[in-house]
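Below is query24.pdb, holding PDB, C-alpha atoms.
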```pdb
ATOM      1  CA  MET A  15    -103.050  82.959-108.364
ATOM      2  CA  VAL A  16     -99.992  81.697-106.468
ATOM      3  CA  ALA A  17    -100.174  78.001-105.677
ATOM      4  CA  ALA A  18    -100.123  77.022-102.005
ATOM      5  CA  LEU A  19     -96.837  75.712-100.689
ATOM      6  CA  THR A  20     -96.622  72.052 -99.853
ATOM      7  CA  PRO A  21     -94.977  71.035 -96.538
ATOM      8  CA  GLN A  22     -91.940  69.829 -98.508
ATOM      9  CA  GLN A  23     -91.562  73.194-100.214
ATOM     10  CA  GLN A  24     -91.710  75.010 -96.880
ATOM     11  CA  ILE A  25     -88.767  73.121 -95.406
ATOM     12  CA  GLY A  26     -85.430  74.883 -95.775
ATOM     13  CA  TRP A  27     -82.027  74.393 -94.226
ATOM     14  CA  GLU A  28     -82.051  73.243 -90.616
ATOM     15  CA  ALA A  29     -78.835  73.795 -88.715
ATOM     16  CA  ASN A  30     -77.937  73.295 -85.045
ATOM     17  CA  LEU A  31     -74.679  74.146 -83.322
ATOM     18  CA  LYS A  32     -73.841  73.476 -79.672
ATOM     19  CA  LEU A  33     -70.673  74.960 -78.190
ATOM     20  CA  SER A  34     -69.167  74.456 -74.727
ATOM     21  CA  PHE A  35     -66.260  76.396 -73.224
ATOM     22  CA  ALA A  36     -64.266  75.637 -70.074
ATOM     23  CA  ARG A  37     -61.197  77.054 -68.358
ATOM     24  CA  ARG A  38     -58.201  74.735 -68.494
ATOM     25  CA  GLN A  39     -55.127  76.010 -66.660
ATOM     26  CA  GLN A  40     -54.285  79.358 -68.270
ATOM     27  CA  LYS A  41     -56.774  79.485 -71.115
ATOM     28  CA  THR A  42     -60.338  78.785 -72.178
ATOM     29  CA  VAL A  43     -60.773  75.800 -74.452
ATOM     30  CA  LEU A  44     -63.599  74.695 -76.703
ATOM     31  CA  THR A  45     -64.601  71.493 -74.931
ATOM     32  CA  GLY A  46     -67.713  70.746 -76.961
ATOM     33  CA  LYS A  47     -68.590  71.331 -80.602
ATOM     34  CA  LYS A  48     -71.575  69.519 -82.052
ATOM     35  CA  HIS A  49     -73.212  70.604 -85.252
ATOM     36  CA  ASN A  50     -75.915  69.393 -87.571
ATOM     37  CA  GLY A  51     -76.393  71.150 -90.890
ATOM     38  CA  PRO A  52     -74.635  74.248 -92.246
ATOM     39  CA  LEU A  53     -73.576  76.045 -89.060
ATOM     40  CA  MET A  54     -70.143  75.447 -87.570
ATOM     41  CA  VAL A  55     -66.872  76.783 -86.216
ATOM     42  CA  GLN A  56     -63.513  75.747 -87.622
ATOM     43  CA  LYS A  57     -61.145  76.163 -84.698
ATOM     44  CA  PRO A  58     -60.582  78.476 -81.726
ATOM     45  CA  PHE A  59     -58.055  81.305 -81.941
ATOM     46  CA  TYR A  60     -55.887  82.805 -79.195
ATOM     47  CA  PRO A  61     -54.650  86.240 -80.317
ATOM     48  CA  GLU A  62     -54.398  87.444 -76.702
ATOM     49  CA  ASN A  63     -52.149  86.478 -73.816
ATOM     50  CA  ASN A  64     -55.009  86.205 -71.302
ATOM     51  CA  GLY A  65     -56.370  82.901 -72.619
ATOM     52  CA  CYS A  66     -59.560  84.339 -74.095
ATOM     53  CA  CYS A  67     -60.917  81.972 -76.735
ATOM     54  CA  HIS A  68     -61.969  83.671 -80.005
ATOM     55  CA  VAL A  69     -64.505  81.749 -82.094
ATOM     56  CA  TYR A  70     -66.000  82.600 -85.500
ATOM     57  CA  LEU A  71     -69.463  81.319 -86.358
ATOM     58  CA  ILE A  72     -69.599  80.133 -89.970
ATOM     59  CA  HIS A  73     -72.754  79.652 -92.029
ATOM     60  CA  PRO A  74     -71.578  78.258 -95.418
ATOM     61  CA  PRO A  75     -74.788  79.014 -97.399
ATOM     62  CA  GLY A  76     -74.060  82.702 -96.831
ATOM     63  CA  GLY A  77     -77.650  83.679 -96.064
ATOM     64  CA  ILE A  78     -80.936  82.601 -94.481
ATOM     65  CA  VAL A  79     -84.082  82.147 -96.565
ATOM     66  CA  GLY A  80     -87.722  81.307 -95.874
ATOM     67  CA  GLY A  81     -88.096  77.976 -94.105
ATOM     68  CA  ASP A  82     -84.548  77.927 -92.728
ATOM     69  CA  LEU A  83     -84.145  77.176 -89.027
ATOM     70  CA  ILE A  84     -80.768  78.129 -87.541
ATOM     71  CA  LYS A  85     -80.154  77.399 -83.869
ATOM     72  CA  LEU A  86     -77.102  78.118 -81.702
ATOM     73  CA  SER A  87     -76.687  76.992 -78.085
ATOM     74  CA  THR A  88     -73.574  78.077 -76.165
ATOM     75  CA  TYR A  89     -72.440  77.181 -72.646
ATOM     76  CA  LEU A  90     -69.597  78.841 -70.706
ATOM     77  CA  ASP A  91     -68.388  76.960 -67.647
ATOM     78  CA  GLU A  92     -66.979  78.635 -64.531
ATOM     79  CA  ASP A  93     -64.188  81.164 -65.220
ATOM     80  CA  ALA A  94     -64.356  80.606 -68.979
ATOM     81  CA  HIS A  95     -63.843  83.593 -71.295
ATOM     82  CA  ALA A  96     -65.045  83.463 -74.898
ATOM     83  CA  LEU A  97     -65.320  86.065 -77.638
ATOM     84  CA  ILE A  98     -67.805  85.046 -80.334
ATOM     85  CA  THR A  99     -68.175  86.854 -83.651
ATOM     86  CA  THR A 100     -68.964  86.227 -87.314
ATOM     87  CA  PRO A 101     -66.805  86.610 -90.447
ATOM     88  CA  GLY A 102     -69.450  88.740 -92.162
ATOM     89  CA  ALA A 103     -72.998  90.017 -92.004
ATOM     90  CA  THR A 104     -75.908  87.669 -91.355
ATOM     91  CA  LYS A 105     -78.329  87.989 -94.280
ATOM     92  CA  PHE A 106     -82.032  87.250 -94.344
ATOM     93  CA  TYR A 107     -83.040  86.910 -97.995
ATOM     94  CA  ARG A 108     -86.378  87.055 -99.773
ATOM     95  CA  SER A 109     -89.063  84.575 -98.717
ATOM     96  CA  ILE A 110     -92.099  83.446-100.688
ATOM     97  CA  GLY A 111     -93.978  82.895 -97.441
ATOM     98  CA  PRO A 112     -92.268  80.698 -94.817
ATOM     99  CA  ILE A 113     -90.514  82.325 -91.881
ATOM    100  CA  ALA A 114     -86.717  82.259 -91.686
ATOM    101  CA  THR A 115     -85.719  81.683 -88.062
ATOM    102  CA  GLN A 116     -82.454  82.192 -86.207
ATOM    103  CA  SER A 117     -82.287  81.618 -82.447
ATOM    104  CA  GLN A 118     -79.219  81.974 -80.223
ATOM    105  CA  THR A 119     -79.098  81.056 -76.534
ATOM    106  CA  ILE A 120     -76.053  81.533 -74.313
ATOM    107  CA  TYR A 121     -75.591  80.302 -70.729
ATOM    108  CA  LEU A 122     -72.877  81.575 -68.374
ATOM    109  CA  GLU A 123     -71.781  79.896 -65.150
ATOM    110  CA  ASP A 124     -70.125  81.669 -62.198
ATOM    111  CA  ASN A 125     -67.309  84.099 -63.079
ATOM    112  CA  ALA A 126     -67.598  83.377 -66.796
ATOM    113  CA  THR A 127     -66.925  86.200 -69.267
ATOM    114  CA  LEU A 128     -68.689  86.558 -72.591
ATOM    115  CA  GLU A 129     -68.075  88.901 -75.522
ATOM    116  CA  TRP A 130     -70.886  88.464 -78.050
ATOM    117  CA  LEU A 131     -69.837  90.652 -80.987
ATOM    118  CA  PRO A 132     -71.477  89.456 -84.219
ATOM    119  CA  GLN A 133     -71.353  91.593 -87.322
ATOM    120  CA  GLU A 134     -74.559  93.201 -88.547
ATOM    121  CA  THR A 135     -77.761  91.443 -89.638
ATOM    122  CA  VAL A 136     -79.169  92.562 -92.993
ATOM    123  CA  TYR A 137     -82.864  92.143 -93.814
ATOM    124  CA  PHE A 138     -83.369  92.053 -97.585
ATOM    125  CA  ASN A 139     -86.515  93.116 -99.394
ATOM    126  CA  ASP A 140     -89.398  90.622 -99.142
ATOM    127  CA  CYS A 141     -87.853  88.840 -96.157
ATOM    128  CA  ASN A 142     -89.942  87.142 -93.474
ATOM    129  CA  ALA A 143     -87.489  86.868 -90.613
ATOM    130  CA  ASN A 144     -87.492  86.000 -86.931
ATOM    131  CA  ALA A 145     -84.187  86.462 -85.064
ATOM    132  CA  SER A 146     -83.658  86.113 -81.323
ATOM    133  CA  THR A 147     -80.742  86.155 -78.889
ATOM    134  CA  LYS A 148     -81.123  85.180 -75.229
ATOM    135  CA  ILE A 149     -78.278  85.472 -72.692
ATOM    136  CA  HIS A 150     -78.522  83.843 -69.241
ATOM    137  CA  LEU A 151     -76.277  85.313 -66.530
ATOM    138  CA  LYS A 152     -75.309  84.645 -62.938
ATOM    139  CA  ASP A 153     -74.586  87.378 -60.369
ATOM    140  CA  ASN A 154     -70.859  87.616 -61.072
ATOM    141  CA  ASN A 155     -70.552  87.437 -64.849
ATOM    142  CA  ARG A 156     -68.893  90.056 -67.015
ATOM    143  CA  PHE A 157     -69.901  90.519 -70.601
ATOM    144  CA  PHE A 158     -70.207  92.659 -73.694
ATOM    145  CA  ALA A 159     -72.893  92.150 -76.297
ATOM    146  CA  TRP A 160     -74.080  94.011 -79.337
ATOM    147  CA  GLU A 161     -76.552  93.444 -82.117
ATOM    148  CA  ILE A 162     -76.937  95.606 -85.229
ATOM    149  CA  GLN A 163     -79.746  95.435 -87.790
ATOM    150  CA  CYS A 164     -79.899  96.955 -91.254
ATOM    151  CA  LEU A 165     -83.130  97.269 -93.237
ATOM    152  CA  GLY A 166     -82.122  96.566 -96.825
ATOM    153  CA  LEU A 167     -78.927  97.815 -98.461
ATOM    154  CA  PRO A 168     -79.016 101.616 -98.100
ATOM    155  CA  ALA A 169     -75.619 102.091 -99.744
ATOM    156  CA  GLN A 170     -77.049 100.490-102.897
ATOM    157  CA  LYS A 171     -80.385 102.324-102.572
ATOM    158  CA  GLU A 172     -82.147  99.014-101.902
ATOM    159  CA  PHE A 173     -84.594  99.427 -99.031
ATOM    160  CA  LEU A 174     -87.036  97.239 -97.141
ATOM    161  CA  THR A 175     -90.115  98.263 -99.147
ATOM    162  CA  SER A 176     -91.773  94.876 -98.687
ATOM    163  CA  GLY A 177     -91.318  92.281 -95.961
ATOM    164  CA  GLN A 178     -91.085  92.030 -92.206
ATOM    165  CA  CYS A 179     -88.774  90.995 -89.412
ATOM    166  CA  VAL A 180     -88.946  90.405 -85.673
ATOM    167  CA  GLN A 181     -85.736  90.831 -83.681
ATOM    168  CA  LYS A 182     -85.477  89.969 -79.982
ATOM    169  CA  LEU A 183     -82.649  90.508 -77.517
ATOM    170  CA  GLU A 184     -83.065  89.213 -73.969
ATOM    171  CA  VAL A 185     -80.787  89.231 -70.935
ATOM    172  CA  TRP A 186     -81.750  87.124 -67.910
ATOM    173  CA  GLN A 187     -80.008  87.022 -64.556
ATOM    174  CA  ASN A 188     -80.668  84.126 -62.181
ATOM    175  CA  ASN A 189     -83.735  83.242 -64.259
ATOM    176  CA  THR A 190     -85.124  86.773 -63.864
ATOM    177  CA  PRO A 191     -85.526  89.016 -66.931
ATOM    178  CA  VAL A 192     -83.322  92.116 -66.851
ATOM    179  CA  LEU A 193     -83.700  93.281 -70.453
ATOM    180  CA  LEU A 194     -86.423  92.219 -72.878
ATOM    181  CA  GLU A 195     -86.115  94.079 -76.172
ATOM    182  CA  THR A 196     -88.272  93.351 -79.210
ATOM    183  CA  ASN A 197     -88.264  95.124 -82.574
ATOM    184  CA  ARG A 198     -91.186  94.284 -84.847
ATOM    185  CA  LEU A 199     -90.442  95.924 -88.180
ATOM    186  CA  ASN A 200     -92.871  95.792 -91.091
ATOM    187  CA  SER A 201     -92.243  97.561 -94.375
ATOM    188  CA  ASN A 202     -95.691  99.222 -94.141
ATOM    189  CA  ASP A 203     -95.385 100.343 -90.517
ATOM    190  CA  ILE A 204     -95.372 104.087 -89.802
ATOM    191  CA  LEU A 205     -92.758 103.303 -87.124
ATOM    192  CA  LEU A 206     -90.068 103.294 -89.841
ATOM    193  CA  ASP A 207     -90.437 107.002 -90.621
ATOM    194  CA  ALA A 208     -92.211 108.485 -87.605
ATOM    195  CA  ASP A 209     -90.410 111.002 -85.385
ATOM    196  CA  TRP A 210     -91.124 108.721 -82.419
ATOM    197  CA  GLY A 211     -89.764 105.714 -84.357
ATOM    198  CA  LEU A 212     -86.794 105.165 -86.641
ATOM    199  CA  GLN A 213     -87.122 108.608 -88.283
ATOM    200  CA  GLY A 214     -86.250 107.153 -91.669
ATOM    201  CA  TYR A 215     -82.967 105.597 -90.492
ATOM    202  CA  LYS A 216     -82.241 102.185 -91.965
ATOM    203  CA  ALA A 217     -79.901 100.805 -89.294
ATOM    204  CA  LEU A 218     -80.328 100.340 -85.558
ATOM    205  CA  GLY A 219     -78.328  98.646 -82.840
ATOM    206  CA  THR A 220     -78.032  97.867 -79.137
ATOM    207  CA  PHE A 221     -74.753  97.704 -77.199
ATOM    208  CA  ILE A 222     -74.647  96.197 -73.698
ATOM    209  CA  ALA A 223     -71.861  96.022 -71.153
ATOM    210  CA  SER A 224     -71.866  94.756 -67.594
ATOM    211  CA  ASP A 225     -70.321  97.284 -65.228
ATOM    212  CA  LYS A 226     -70.705  95.690 -61.823
ATOM    213  CA  TYR A 227     -66.994  95.390 -61.031
ATOM    214  CA  THR A 228     -65.716  98.608 -62.645
ATOM    215  CA  LYS A 229     -68.345 101.299 -63.215
ATOM    216  CA  ALA A 230     -68.444 102.438 -66.827
ATOM    217  CA  ASN A 231     -67.728 106.145 -67.145
ATOM    218  CA  GLN A 232     -70.954 107.544 -68.559
ATOM    219  CA  GLU A 233     -69.445 110.952 -69.296
ATOM    220  CA  GLN A 234     -66.686 109.265 -71.282
ATOM    221  CA  VAL A 235     -69.231 107.292 -73.293
ATOM    222  CA  MET A 236     -71.355 110.367 -73.924
ATOM    223  CA  GLY A 237     -68.245 112.201 -75.063
ATOM    224  CA  ILE A 238     -67.654 109.508 -77.686
ATOM    225  CA  ILE A 239     -71.291 109.659 -78.798
ATOM    226  CA  GLN A 240     -71.321 113.452 -79.029
ATOM    227  CA  GLN A 241     -68.342 113.390 -81.380
ATOM    228  CA  ARG A 242     -70.454 111.533 -83.935
ATOM    229  CA  ASP A 243     -72.774 113.511 -86.178
ATOM    230  CA  ASP A 244     -73.622 110.566 -88.445
ATOM    231  CA  LEU A 245     -75.971 108.815 -86.019
ATOM    232  CA  ILE A 246     -78.343 109.207 -83.085
ATOM    233  CA  ALA A 247     -77.458 107.402 -79.849
ATOM    234  CA  SER A 248     -78.307 107.415 -76.166
ATOM    235  CA  CYS A 249     -77.235 105.446 -73.105
ATOM    236  CA  THR A 250     -78.877 104.211 -69.941
ATOM    237  CA  ARG A 251     -78.379 101.771 -67.066
ATOM    238  CA  ILE A 252     -80.618  98.912 -66.001
ATOM    239  CA  ASN A 253     -79.360  97.255 -62.808
ATOM    240  CA  ASP A 254     -75.793  96.196 -63.661
ATOM    241  CA  LEU A 255     -76.175  96.668 -67.413
ATOM    242  CA  PHE A 256     -74.890  99.685 -69.301
ATOM    243  CA  ILE A 257     -76.869 100.034 -72.545
ATOM    244  CA  VAL A 258     -76.343 102.169 -75.641
ATOM    245  CA  ARG A 259     -78.919 102.303 -78.431
ATOM    246  CA  ALA A 260     -78.153 103.863 -81.795
ATOM    247  CA  MET A 261     -79.747 104.617 -85.170
ATOM    248  CA  SER A 262     -78.039 105.618 -88.405
ATOM    249  CA  THR A 263     -78.378 105.539 -92.172
ATOM    250  CA  TYR A 264     -75.735 102.812 -92.439
ATOM    251  CA  ALA A 265     -74.931  99.847 -90.200
ATOM    252  CA  GLU A 266     -71.209 100.550 -90.619
ATOM    253  CA  LYS A 267     -71.605 103.805 -88.673
ATOM    254  CA  ILE A 268     -73.145 101.993 -85.715
ATOM    255  CA  LYS A 269     -70.544  99.244 -85.856
ATOM    256  CA  LEU A 270     -67.786 101.861 -85.710
ATOM    257  CA  LEU A 271     -69.397 103.463 -82.645
ATOM    258  CA  PHE A 272     -69.865 100.137 -80.872
ATOM    259  CA  THR A 273     -66.315  99.059 -81.668
ATOM    260  CA  THR A 274     -64.981 102.322 -80.240
ATOM    261  CA  LEU A 275     -67.041 101.842 -77.074
ATOM    262  CA  TRP A 276     -65.788  98.274 -76.742
ATOM    263  CA  HIS A 277     -62.153  99.356 -77.137
ATOM    264  CA  THR A 278     -62.720 102.057 -74.510
ATOM    265  CA  LEU A 279     -64.655 100.067 -71.915
ATOM    266  CA  ARG A 280     -62.981  96.670 -72.168
ATOM    267  CA  PRO A 281     -59.876  97.663 -70.133
ATOM    268  CA  GLN A 282     -62.140  99.135 -67.429
ATOM    269  CA  ILE A 283     -64.610  96.267 -67.178
ATOM    270  CA  LEU A 284     -62.420  93.248 -67.967
ATOM    271  CA  ASP A 285     -59.086  94.746 -66.911
ATOM    272  CA  ILE A 286     -57.518  93.706 -70.221
ATOM    273  CA  GLU A 287     -56.714  95.632 -73.373
ATOM    274  CA  SER A 288     -58.945  95.181 -76.399
ATOM    275  CA  SER A 289     -57.789  92.890 -79.195
ATOM    276  CA  SER A 290     -59.951  92.944 -82.315
ATOM    277  CA  PRO A 291     -60.669  89.555 -83.902
ATOM    278  CA  ARG A 292     -58.480  89.081 -86.969
ATOM    279  CA  ILE A 293     -61.515  88.273 -89.114
ATOM    280  CA  TRP A 294     -62.681  91.901 -88.777
ATOM    281  CA  HIS A 295     -59.644  93.029 -90.765
ATOM    282  CA  THR A 296     -59.959  90.615 -93.705
TER     283      THR A 296
END
```

Rewrite the structure of this file - the entire thing - as structure tokens.
Amino acid sequence: MVAALTPQQQIGWEANLKLSFARRQQKTVLTGKKHNGPLMVQKPFYPENNGCCHVYLIHPPGGIVGGDLIKLSTYLDEDAHALITTPGATKFYRSIGPIATQSQTIYLEDNATLEWLPQETVYFNDCNANASTKIHLKDNNRFFAWEIQCLGLPAQKEFLTSGQCVQKLEVWQNNTPVLLETNRLNSNDILLDADWGLQGYKALGTFIASDKYTKANQEQVMGIIQQRDDLIASCTRINDLFIVRAMSTYAEKIKLLFTTLWHTLRPQILDIESSSPRIWHT
């Protein structure tokens, strides 16, 4: 018989990070950076000439385990433009019972531009994970966002045969929900292999772009999707959001598709050429 966990044993890492961005003259600057625990950013980068602030979220422990509570709060002031990514995959490791929680909330003021482009999230066997991202928009924001999940390590033949995860992605506009997406994935659920579910694929992702100012060319996007025979993807529009959902055997395939879409649509929607974060190439 497994002994019950004491409250002390159930407590893991607790980390909080609050970021604030504001436009100062010709560029966006990181005006606020408060952190508690192992979640931080080192410094902003400016690889582009348009003043976009690139920031890399760093989680030194390298993974999230049962009992961990990771919380990010980000605020973009008027006219600010930030690109936020991660240096590597987010990893939810095995839990002996307690839930591992990661919550991310982002607020945009008028005319702010957000590019939320984290690398994939990997759910290891025996995980008990709860991950959520909530983005709050005004009427005149522009943004890109993607989130990619991988169930186990398919390339190493390590699958999610035991464990569970809940992943939420929400987009609100003027305090009204525009997109509420929830994936509840349990290792024993028929959803994982059913024809109406994941069909045995181990990776899934959602790509979102705002296309209010310059309408995204749906035929162009579908042309990119149809060139790929290593995944299943479809696109749709909800109000001013252009959404692509994809499934594949490997997260890398979805990330390549989403990166291609971002490179293609960014000049149309933001009127600037794409510039990949340097951390993606290291």

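When all atoms listed in the file are used to compute distances to Glu129 of chain A, the closest of the residues A:Ala223, A:Ile293, A:Leu193, A:Cys141 turns out to be A:Ala223.
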
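Note that atom CA of Val180 of chain A and atom CA of Thr196 of chain A are 7.1 Å apart.
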
Produce the centre coordinates and the three edge lengths, each in Å to one decimal, of the box along x, y and z that contains all listed atoms of segment 30-44 of chain A with 6 Å added on each side, as JSON.
```
{"center_x": -66.1, "center_y": 76.4, "center_z": -75.9, "size_x": 35.7, "size_y": 18.2, "size_z": 30.4}
```

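Every protein, DNA or RNA residue with an atom at most 7 Å from segment 26-32 of chain A, where all atoms listed in the file count and chain neighbours fewer than 2 positions away do not, is listed here: Gln24, Ser34, Lys47, Lys48, His49, Asn50, Gly51, Pro52, Leu53, Met54, Gly80, Gly81, Asp82, Leu83, Ile84, Lys85, Leu86, Ser87 and Thr88 of chain A.
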
Once the PyMOL selection byres ((chain A and resi 38) around 12) is applied to the coordinates I shared, what remains selected? I want it as a PyMOL selection string.
chain A and resi 35-37+39-45+65-67+91-95

Go ahead and write the selection's residues with C-alpha atoms as a compact mmCIF listing (two decimals), keeping the file's coordinate frame.
```
# COMPACT_ATOMS: atom_id res chain seq x y z
CA PHE A 35 -66.26 76.40 -73.22
CA ALA A 36 -64.27 75.64 -70.07
CA ARG A 37 -61.20 77.05 -68.36
CA GLN A 39 -55.13 76.01 -66.66
CA GLN A 40 -54.28 79.36 -68.27
CA LYS A 41 -56.77 79.48 -71.11
CA THR A 42 -60.34 78.78 -72.18
CA VAL A 43 -60.77 75.80 -74.45
CA LEU A 44 -63.60 74.69 -76.70
CA THR A 45 -64.60 71.49 -74.93
CA GLY A 65 -56.37 82.90 -72.62
CA CYS A 66 -59.56 84.34 -74.10
CA CYS A 67 -60.92 81.97 -76.74
CA ASP A 91 -68.39 76.96 -67.65
CA GLU A 92 -66.98 78.64 -64.53
CA ASP A 93 -64.19 81.16 -65.22
CA ALA A 94 -64.36 80.61 -68.98
CA HIS A 95 -63.84 83.59 -71.30
```

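Across A:Ala208, A:Ile78, A:Ile252, A:Val69, the tightest approach to Tyr137 of chain A is made by A:Ile78 when counting only C-alpha atoms.
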
Name every residue that the PyMOL selection byres ((chain A and resi 150-163) around 8) selects in this structure, writing the answer as a ChimeraX atom specification with chains first and numbers rising.
/A:119-137,148-149,164-165,185-189,217-226,265,268-269,272,276,283-284

Run the PyMOL selection byres ((chain A and resi 245) around 12) mentally over the shown coordinates, then write out the matched residues as a PyMOL selection string, using the chain letters and numbers from the document.
chain A and resi 212-219+238-244+246-248+259-272

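Atom CA of Thr250 of chain A sits 16.1 Å away from atom CA of Glu184 of chain A.
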
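Here atom CA of Arg198 of chain A stands at a distance of 11.3 Å from atom CA of Asn142 of chain A.
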
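Distance check against Thr147 of chain A using only C-alpha atoms: of A:Leu33, A:Leu194, A:Leu97, A:Ile110, the minimum falls on A:Leu194.
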
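Among the candidates A:Pro291, A:Gly111, A:Pro75, A:Gly211, the one nearest to Leu199 of chain A when counting only C-alpha atoms is A:Gly211.
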
A:Gly77, A:Ala169, A:Arg280, A:Gly102 ranked by distance to Thr296 of chain A, top pick (using all atoms listed in the file):
A:Gly102

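Among the candidates A:Trp210, A:Phe138, A:Tyr107, A:Phe173, the one nearest to Val79 of chain A when counting all atoms listed in the file is A:Tyr107.
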